[in-house]
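All remarks here apply to the structure that follows.
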Amino acid sequence: MAGISCKICGNKSFSYLYKGIDRFCFVEGDYDLYKCDKCGLIIILPYLQQDILKKYYPDNYYSYSDTNRMQEDIGSVKDKLIFYLKHPIKAANCIMYSKILKQKDCLTYKKDLNILDIGCGDGRYLLEKRKYGCNCFGVDINKEALDKLKKADPNMVVYCGNLWEAKFPDNHFDVVNLSSVLEHIVDIDTLLLEINRILKKSGVLRIHVPNSRSLTYKIFGKYWMGLDVPRHVYTFSINNLKLLFKKVNFKVGSYRTVENSYDFICSIIYVYNSIFKKKCEIMKCSNVWDNELLKLLFSPYAFLVNALKVGDSVEFVLKKE
């Protein structure tokens, strides 16, 4: 691609992978995916502009109604015991994924921390953190989702638009959460440098993105849900993320890969749709991807790929240089 350079390493040489289509929302169009010959970053080329990308986020996009899937607090130990005795497979999954695979939030929260969630949608993450007494802030491009969040908690501070337009103060946040967002942003340098500015010296940035070196991607290729064309402008690997973080003055505190049944099962649905010319909508197939028995049967695979650091997504905890 003449005149185009990699956003991470600056390389101008790319290898063509394949055409991608929107398998999640079924918006018309196809897109060319390339791989940087130097750092391995997977990119949609030519670069899509952020204002054009907005049309690929319909009002029913999953993150705008994510709070509908929040589990209510069960309450006392006795209530939890009764609940899990009635739902033994769910109890087994809680033990497997939370305790053994440790697929829960790795950060510690306490009263009066300033927490910012970028791409907060209708606020599932923030609503879960407010119980710790944190000061919660959210940024998203969807006004309806933010209105829903403000209705749920009027004390939330929200901004509709891009982070760098919000003009938060320097050194303001203790925790910035960037979960399943970075891969959607064209101007990744601008975003990360702005986070560096508003994050306290002692603060942490948590980033969670799909992992292009995952075994699940190798199995499914262009049908891998983690590609999510065209919303995922980039698909990163652990190594090129490390290059990116160094470039924007962050140091790696820790990282791990995270695999669960959702992306794997949804990728199977994409293959099914392609073979049988169907349009099964992922969010209407929750009886499949949210099936407790399938989650339990999938757990040995999750354990293996996470141990080998080839899980479906990767989570970094970063600090300022």
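Note on naming: chains are A, B, ... as they come in the structure tokens, residues start from 1 per chain, ligands start from 1 in the order shown.
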
>> Residues within 12 Å of A:Gly29, please, as number ranges by chain. Count only C-alpha atoms; anything in the same chain fewer than 6 positions from it doesn't count.
In response: A: 19-23, 55-56, 229-230

Kindly save the residues from that selection, with C-alpha atoms included, as a PDB file, in the first residue's frame.
ATOM      1  CA  LYS A  19     -11.291  -9.784   2.465  1.00  0.00           C
ATOM      2  CA  GLY A  20     -13.388  -9.376   5.574  1.00  0.00           C
ATOM      3  CA  ILE A  21     -17.083  -8.672   6.004  1.00  0.00           C
ATOM      4  CA  ASP A  22     -19.265  -7.613   8.933  1.00  0.00           C
ATOM      5  CA  ARG A  23     -20.320 -10.950  10.411  1.00  0.00           C
ATOM      6  CA  LYS A  55     -22.248   3.791  11.041  1.00  0.00           C
ATOM      7  CA  TYR A  56     -21.076   0.300  12.023  1.00  0.00           C
ATOM      8  CA  VAL A 229     -14.474  -6.390  10.680  1.00  0.00           C
ATOM      9  CA  PRO A 230     -14.787  -3.447  10.170  1.00  0.00           C
TER      10      PRO A 230
END

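Taking atom CA of A:Phe24 and atom CA of A:Gly121 as endpoints, the distance between them is 17.4 Å.
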
> DSSP says strand (DSSP E or B) for which residues of stretch 23-262 of chain A? Put them as a VMD selection string?
Replying inline: chain A and resid 30 to 36 42 to 45 114 to 118 135 to 140 157 to 160 173 to 179 199 to 211 234 to 236 250 to 258

> Do you know which residues are at most 9 Å from A:Met225 counting only C-alpha atoms, after dropping those on the same chain fewer than 6 positions away, and could you put them as an MDAnalysis selection string?
Replying inline: chainID A and resid 23:24 217 263:264 266:268 270

Please produce an output containing N, CA and C atoms for each residue in the selection, written as a tab-separated table (two decimals), in the first residue's frame.
chain	number	residue	atom	x	y	z
A	23	ARG	N	-19.61	-9.72	10.06
A	23	ARG	CA	-20.32	-10.95	10.41
A	23	ARG	C	-21.14	-10.79	11.69
A	24	PHE	N	-20.99	-9.66	12.36
A	24	PHE	CA	-21.68	-9.45	13.64
A	24	PHE	C	-22.98	-8.66	13.46
A	217	TYR	N	-7.52	-17.94	16.77
A	217	TYR	CA	-7.40	-17.28	15.47
A	217	TYR	C	-6.79	-18.23	14.44
A	263	ASP	N	-15.86	-16.26	22.35
A	263	ASP	CA	-15.33	-16.02	21.01
A	263	ASP	C	-15.22	-17.31	20.21
A	264	PHE	N	-14.86	-18.40	20.87
A	264	PHE	CA	-14.71	-19.68	20.18
A	264	PHE	C	-16.06	-20.14	19.63
A	266	CYS	N	-18.77	-18.33	19.15
A	266	CYS	CA	-19.27	-17.38	18.16
A	266	CYS	C	-18.57	-17.55	16.82
A	267	SER	N	-17.29	-17.91	16.84
A	267	SER	CA	-16.57	-18.18	15.60
A	267	SER	C	-17.16	-19.39	14.89
A	268	ILE	N	-17.59	-20.38	15.65
A	268	ILE	CA	-18.27	-21.54	15.06
A	268	ILE	C	-19.57	-21.10	14.39
A	270	TYR	N	-20.11	-18.19	13.07
A	270	TYR	CA	-19.71	-17.52	11.82
A	270	TYR	C	-19.45	-18.55	10.71

>> For a test of reading the model, state the distance in Å between atom CA of A:Ile141 and atom CA of A:Cys25, rounded to one decimal.
In response: 17.7 Å

> Mind checking DSSP for stretch 60-305 of chain A and telling me the helix (DSSP H, G or I) residues as a PyMOL selection string?
Replying inline: chain A and resi 62-69+77-86+88-100+124-132+143-152+163-166+182-184+188-198+215-223+225-227+238-247+261-276+282-284+286-289+292-305

> Which is closer to A:Lys218 than all the others in A:Gly123, A:Thr108, A:Gly311, A:Tyr64, using only C-alpha atoms?
Replying inline: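 Ranked by minimum distance to A:Lys218, first place goes to A:Gly311.
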
Residues at most 7 Å from stretch 314-320 of chain A, counting only C-alpha atoms, excluding those fewer than 6 positions away in the same chain, as a PDB file with C-alpha atoms, in the first residue's frame?
ATOM      1  CA  ASN A 196      -0.739   9.148  29.796  1.00  0.00           C
ATOM      2  CA  LYS A 201       2.011   8.843  38.271  1.00  0.00           C
ATOM      3  CA  GLY A 203      -2.084   5.156  38.448  1.00  0.00           C
ATOM      4  CA  VAL A 204      -2.616   2.134  36.219  1.00  0.00           C
ATOM      5  CA  LEU A 205      -4.005   1.619  32.737  1.00  0.00           C
ATOM      6  CA  ARG A 206      -5.757  -1.690  32.062  1.00  0.00           C
ATOM      7  CA  ILE A 207      -5.997  -2.683  28.387  1.00  0.00           C
ATOM      8  CA  HIS A 208      -7.838  -5.719  27.044  1.00  0.00           C
ATOM      9  CA  VAL A 209      -7.752  -6.524  23.295  1.00  0.00           C
ATOM     10  CA  PRO A 210      -8.050  -9.542  20.960  1.00  0.00           C
ATOM     11  CA  ASN A 211      -4.797 -11.459  20.459  1.00  0.00           C
ATOM     12  CA  ASN A 249       5.711   6.210  27.402  1.00  0.00           C
ATOM     13  CA  PHE A 250       4.068   3.323  29.229  1.00  0.00           C
ATOM     14  CA  LYS A 251       5.831   0.430  30.923  1.00  0.00           C
ATOM     15  CA  VAL A 252       4.337  -3.032  31.303  1.00  0.00           C
ATOM     16  CA  GLY A 253       3.436  -4.002  34.864  1.00  0.00           C
ATOM     17  CA  SER A 254       1.950  -7.371  33.944  1.00  0.00           C
ATOM     18  CA  TYR A 255       0.138  -9.167  31.145  1.00  0.00           C
ATOM     19  CA  ARG A 256      -1.738 -12.390  30.550  1.00  0.00           C
ATOM     20  CA  THR A 257      -3.938 -13.967  27.908  1.00  0.00           C
ATOM     21  CA  VAL A 258      -7.604 -14.626  28.585  1.00  0.00           C
TER      22      VAL A 258
END

>> Measuring between only C-alpha atoms, which one of A:Tyr109, A:Tyr16, A:Tyr234, A:Tyr223 shows the shortest distance to A:Tyr47?
In response: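 Smallest distance to A:Tyr47 is found for A:Tyr234.
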
> Which polymer residues have any atom within 8 Å of an atom of A:Asp112, counting only C-alpha atoms, with same-chain residues fewer than 4 positions away left out, as a ChimeraX atom specification?
Replying inline: /A:133-135

>> Just want the 8 Å neighbourhood of A:Phe137, counted on only C-alpha atoms, with same-chain residues fewer than 4 positions away dropped. Output as a ChimeraX atom specification.
In response: /A:114-117,126,156-158

>> So that I can check the surroundings of A:Asp290, please list as a list in words every protein, DNA and RNA residue that reaches within 10 Å of it, counting only C-alpha atoms and ignoring chain neighbours fewer than 3 positions away.
In response: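 Contacts, in chain order: Ser261, Tyr262, Ile265, Cys285, Ser286, Asn287, Leu293, Leu294 and Lys295 of chain A.
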
Take the residues that were just selected and, keeping C-alpha atoms, output them as a PDB file, in the first residue's frame.
ATOM      1  CA  SER A 261     -15.920 -19.926  25.417  1.00  0.00           C
ATOM      2  CA  TYR A 262     -17.633 -16.850  23.948  1.00  0.00           C
ATOM      3  CA  ILE A 265     -18.407 -20.575  20.034  1.00  0.00           C
ATOM      4  CA  CYS A 285     -27.732 -17.010  20.142  1.00  0.00           C
ATOM      5  CA  SER A 286     -27.054 -16.528  23.849  1.00  0.00           C
ATOM      6  CA  ASN A 287     -28.642 -19.912  24.561  1.00  0.00           C
ATOM      7  CA  LEU A 293     -22.448 -26.835  30.194  1.00  0.00           C
ATOM      8  CA  LEU A 294     -20.581 -25.711  27.067  1.00  0.00           C
ATOM      9  CA  LYS A 295     -18.537 -23.292  29.171  1.00  0.00           C
TER      10      LYS A 295
END

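Each of A:Ile43, A:Cys280, A:Leu127, A:Leu297 was checked against A:Phe26 using only C-alpha atoms; the smallest atom-to-atom distance is that of A:Cys280.
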
>> Taking only C-alpha atoms into account, name the residue in A:Ile44, A:Met96, A:Ala152, A:Leu296 that is nearest to A:Tyr18.
In response: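 Looking at the shortest contact to A:Tyr18, the residue is A:Ile44.
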